[in-house]
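Structure first, then comments.
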Amino acid sequence: MSNFMIIGQYVPVDSFIHRLDPRTKIIIIFFFVIFVFFANNVWSYGLLTVFTFITILTTKVPFRFILKGLTPVWFLILFTMLLHIFLTKEGPVVFELFTLEIHLGGIMKGLVISLRFMLLVAMTILLTLTTTPIDITDAIEKLLNPLKKVKFPVHELALMMSISLRFIPTLMQETDKISKAQSSRGVDFRTGPIKERIKAIIPLLIPLFVSAFKRAEELAMAMEARGYRGGEGRTKLRELSFHRNDYVSFIIFAVVIVILMIVRN
């Protein structure tokens with residue numbers, strides 16, 4: 001199971017993307033998610049696809065990691081595509097069987113939504129693959145710094161997000177280990193009626209929750225033993241700062257957005 005869940009995993013590679021300030025990556029991905037919904041024709045989607053593909057190549061991360069990241073959402077992508085194909089009644093009929101009609105508009109909408117979903121997932125996966133959880137925490141805290149003026153717990157929020165990202169792979173590995181142990185004792189998770197499968201999951205969930213609470217308690221005790229008392233007055237081992245590569249990345253992304261807005265019209 002852990003082989004198909006790469007959220008929170010960091011791949012240490014020396015690449016242009018890895019060396020960028022984490023704030024740069026978060027800002028670019030944030031606006032990429034927004035502008036994906038501005039694409040409305042073949043040229044605009046082609047531009048975003050090329051940009052995503054070039055970004056993936058620039059990271060030097062093996063492509064299998066991207067495919068593993070898409071594996072958990074393939075079912076949702078396929079389901080969304082089929083939903084549009086069979087329910088959208090726009091454009092000429094391309095296939096007809098009894099009362100079933102498949103329209104060209106439904107096929108096009110299904111492909112567009114699926115492509116949009118894959119682009120979003122692929123770009124967001126790159127954030128955790130190319131950025132350590134500590135850097136993500138520091139970047140989020142820096143970006144949300146203005147909210148401290150209204151007493152918003154910025155440091156605590158960033159810390160919770162970082163811990164969550166860090167422990168996703170750990171919990172998945174723990175789930176895999178427990179499921180294998182239960183399978184060796186004769187528990188079957190894959191066959192039988194739905195009711196029996198749900199009952200079989202209970203022996204998996206209980207030790208998983210116990211293990212998660214135990215890890216959380218150990219982490220809390222370790223933080224207290226090291227004198228952690230929140231973000232007030234804390235200093236950083238490495239201060240974040242924008243460099244030439246970050247400004248170059250912003251310019252390249254801005255050019256892509258300008259071209260996108262031109263070709264969409």
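Just remember, in the structure tokens the first chain shown is A, the second B, etc., residues are 1-based per chain, and ligands are 1-based in the order shown.
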
Near-Leu115 of chain A list (9 Å; only C-alpha atoms; drop same-chain fewer than 6 positions) as a ChimeraX atom specification: /A:45,49,77

Include C-alpha atoms and write out the residues we just selected as a short mmCIF file (atom, residue, chain, number, x, y, z; two decimals), in the first residue's frame.
```cif
data_model
loop_
_atom_site.label_atom_id
_atom_site.label_comp_id
_atom_site.auth_asym_id
_atom_site.auth_seq_id
_atom_site.Cartn_x
_atom_site.Cartn_y
_atom_site.Cartn_z
CA TYR A 45 -4.53 22.94 -22.20
CA THR A 49 0.51 20.23 -20.18
CA ILE A 77 -10.37 10.32 -12.92
#
```

Could you give me the residues within segment 99-151 of chain A that DSSP places in strand (DSSP E or B), as a PDB file with N, CA and C atoms, in the first residue's frame?
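Here's the written file out18.pdb:
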```pdb
ATOM      1  N   LEU A 100     -29.031   4.183 -25.325  1.00  0.00           N
ATOM      2  CA  LEU A 100     -27.775   4.795 -24.894  1.00  0.00           C
ATOM      3  C   LEU A 100     -27.171   5.605 -26.031  1.00  0.00           C
ATOM      4  N   GLU A 101     -26.911   6.891 -25.768  1.00  0.00           N
ATOM      5  CA  GLU A 101     -26.300   7.778 -26.748  1.00  0.00           C
ATOM      6  C   GLU A 101     -25.062   8.441 -26.138  1.00  0.00           C
ATOM      7  N   ILE A 102     -23.968   8.384 -26.885  1.00  0.00           N
ATOM      8  CA  ILE A 102     -22.744   9.049 -26.454  1.00  0.00           C
ATOM      9  C   ILE A 102     -22.483  10.204 -27.411  1.00  0.00           C
ATOM     10  N   HIS A 103     -22.410  11.401 -26.845  1.00  0.00           N
ATOM     11  CA  HIS A 103     -22.244  12.602 -27.645  1.00  0.00           C
ATOM     12  C   HIS A 103     -20.783  13.055 -27.634  1.00  0.00           C
TER      13      HIS A 103
END
```

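Close contacts of segment 142-148 of chain A, defined as residues with an atom at most 12 Å away when counting only C-alpha atoms, with chain neighbours fewer than 2 positions off set aside, comprise Asp21, Pro22, Arg23, Thr24, Lys25, Ile26, Ile27, Asp135, Ile136, Thr137, Asp138, Ala139, Ile140, Val150, Lys151, Phe152, Pro153, Val154, His155, Glu156, Leu157, Ala158, Gly231, Glu232, Lys236, Glu239, Leu240 and Ser241 of chain A.
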
Long-range neighbours of Leu82 of chain A as a ChimeraX atom specification, 10 Å cut-off, only C-alpha atoms, 2 positions minimum in chain: /A:76-80,84-88,106-107,110-111,114

Can you write out the residues you just picked, keeping N, CA and C atoms, as a JSON list (two decimals), in the first residue's frame?
```
[["chain", "number", "residue", "atom", "x", "y", "z"],
["A", 76, "LEU", "N", -10.90, 7.84, -9.58],
["A", 76, "LEU", "CA", -11.71, 9.05, -9.59],
["A", 76, "LEU", "C", -11.67, 9.73, -10.95],
["A", 77, "ILE", "N", -10.49, 9.73, -11.59],
["A", 77, "ILE", "CA", -10.37, 10.32, -12.92],
["A", 77, "ILE", "C", -11.22, 9.55, -13.93],
["A", 78, "LEU", "N", -11.12, 8.22, -13.88],
["A", 78, "LEU", "CA", -11.89, 7.39, -14.81],
["A", 78, "LEU", "C", -13.39, 7.53, -14.56],
["A", 79, "PHE", "N", -13.78, 7.56, -13.29],
["A", 79, "PHE", "CA", -15.20, 7.70, -12.96],
["A", 79, "PHE", "C", -15.74, 9.04, -13.46],
["A", 80, "THR", "N", -14.97, 10.11, -13.27],
["A", 80, "THR", "CA", -15.40, 11.43, -13.74],
["A", 80, "THR", "C", -15.54, 11.46, -15.25],
["A", 84, "HIS", "N", -19.18, 12.02, -17.44],
["A", 84, "HIS", "CA", -19.43, 13.03, -18.48],
["A", 84, "HIS", "C", -19.79, 12.37, -19.81],
["A", 85, "ILE", "N", -19.13, 11.28, -20.12],
["A", 85, "ILE", "CA", -19.39, 10.62, -21.40],
["A", 85, "ILE", "C", -20.84, 10.14, -21.51],
["A", 86, "PHE", "N", -21.37, 9.58, -20.42],
["A", 86, "PHE", "CA", -22.70, 8.99, -20.47],
["A", 86, "PHE", "C", -23.82, 9.96, -20.11],
["A", 87, "LEU", "N", -23.51, 11.06, -19.41],
["A", 87, "LEU", "CA", -24.57, 11.95, -18.95],
["A", 87, "LEU", "C", -24.62, 13.29, -19.68],
["A", 88, "THR", "N", -23.52, 13.69, -20.32],
["A", 88, "THR", "CA", -23.51, 14.97, -21.03],
["A", 88, "THR", "C", -24.07, 14.77, -22.44],
["A", 106, "GLY", "N", -19.84, 15.17, -24.64],
["A", 106, "GLY", "CA", -19.57, 14.43, -23.42],
["A", 106, "GLY", "C", -18.16, 13.87, -23.39],
["A", 107, "ILE", "N", -17.70, 13.35, -24.55],
["A", 107, "ILE", "CA", -16.33, 12.83, -24.63],
["A", 107, "ILE", "C", -15.31, 13.94, -24.40],
["A", 110, "GLY", "N", -15.32, 15.04, -20.74],
["A", 110, "GLY", "CA", -14.68, 14.02, -19.92],
["A", 110, "GLY", "C", -13.17, 14.08, -20.02],
["A", 111, "LEU", "N", -12.66, 14.25, -21.25],
["A", 111, "LEU", "CA", -11.21, 14.35, -21.44],
["A", 111, "LEU", "C", -10.64, 15.61, -20.79],
["A", 114, "SER", "N", -10.64, 15.28, -16.93],
["A", 114, "SER", "CA", -9.63, 14.31, -16.52],
["A", 114, "SER", "C", -8.23, 14.90, -16.65]]
```

Test item, alpha helix (DSSP H) assignment across segment 52-209 of chain A, answer as a VMD selection string: chain A and resid 52 to 59 63 to 70 74 to 87 104 to 130 133 to 143 154 to 184 194 to 209

Shell of 9 Å around Leu48 of chain A, only C-alpha atoms, local chain residues under 6 positions omitted, as an MDAnalysis selection string: chainID A and resid 32 36 39 119 256 260

Export of prior selection with N, CA and C atoms as a tab-separated table (two decimals), in the first residue's frame:
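As a result, selection-v6.tsv now contains:
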```
chain	number	residue	atom	x	y	z
A	32	PHE	N	-1.01	28.25	-10.19
A	32	PHE	CA	-1.22	27.26	-11.24
A	32	PHE	C	-2.58	26.58	-11.07
A	36	VAL	N	-5.43	26.92	-14.01
A	36	VAL	CA	-5.84	25.73	-14.76
A	36	VAL	C	-7.30	25.84	-15.17
A	39	ALA	N	-8.21	27.68	-18.55
A	39	ALA	CA	-8.00	27.04	-19.86
A	39	ALA	C	-9.35	26.62	-20.44
A	119	LEU	N	-3.33	17.31	-14.18
A	119	LEU	CA	-2.38	18.43	-14.08
A	119	LEU	C	-2.31	18.95	-12.65
A	256	VAL	N	4.15	32.29	-18.99
A	256	VAL	CA	3.21	31.19	-19.30
A	256	VAL	C	1.77	31.63	-19.08
A	260	LEU	N	-1.16	31.98	-21.77
A	260	LEU	CA	-2.42	31.27	-21.53
A	260	LEU	C	-3.62	32.19	-21.73
```
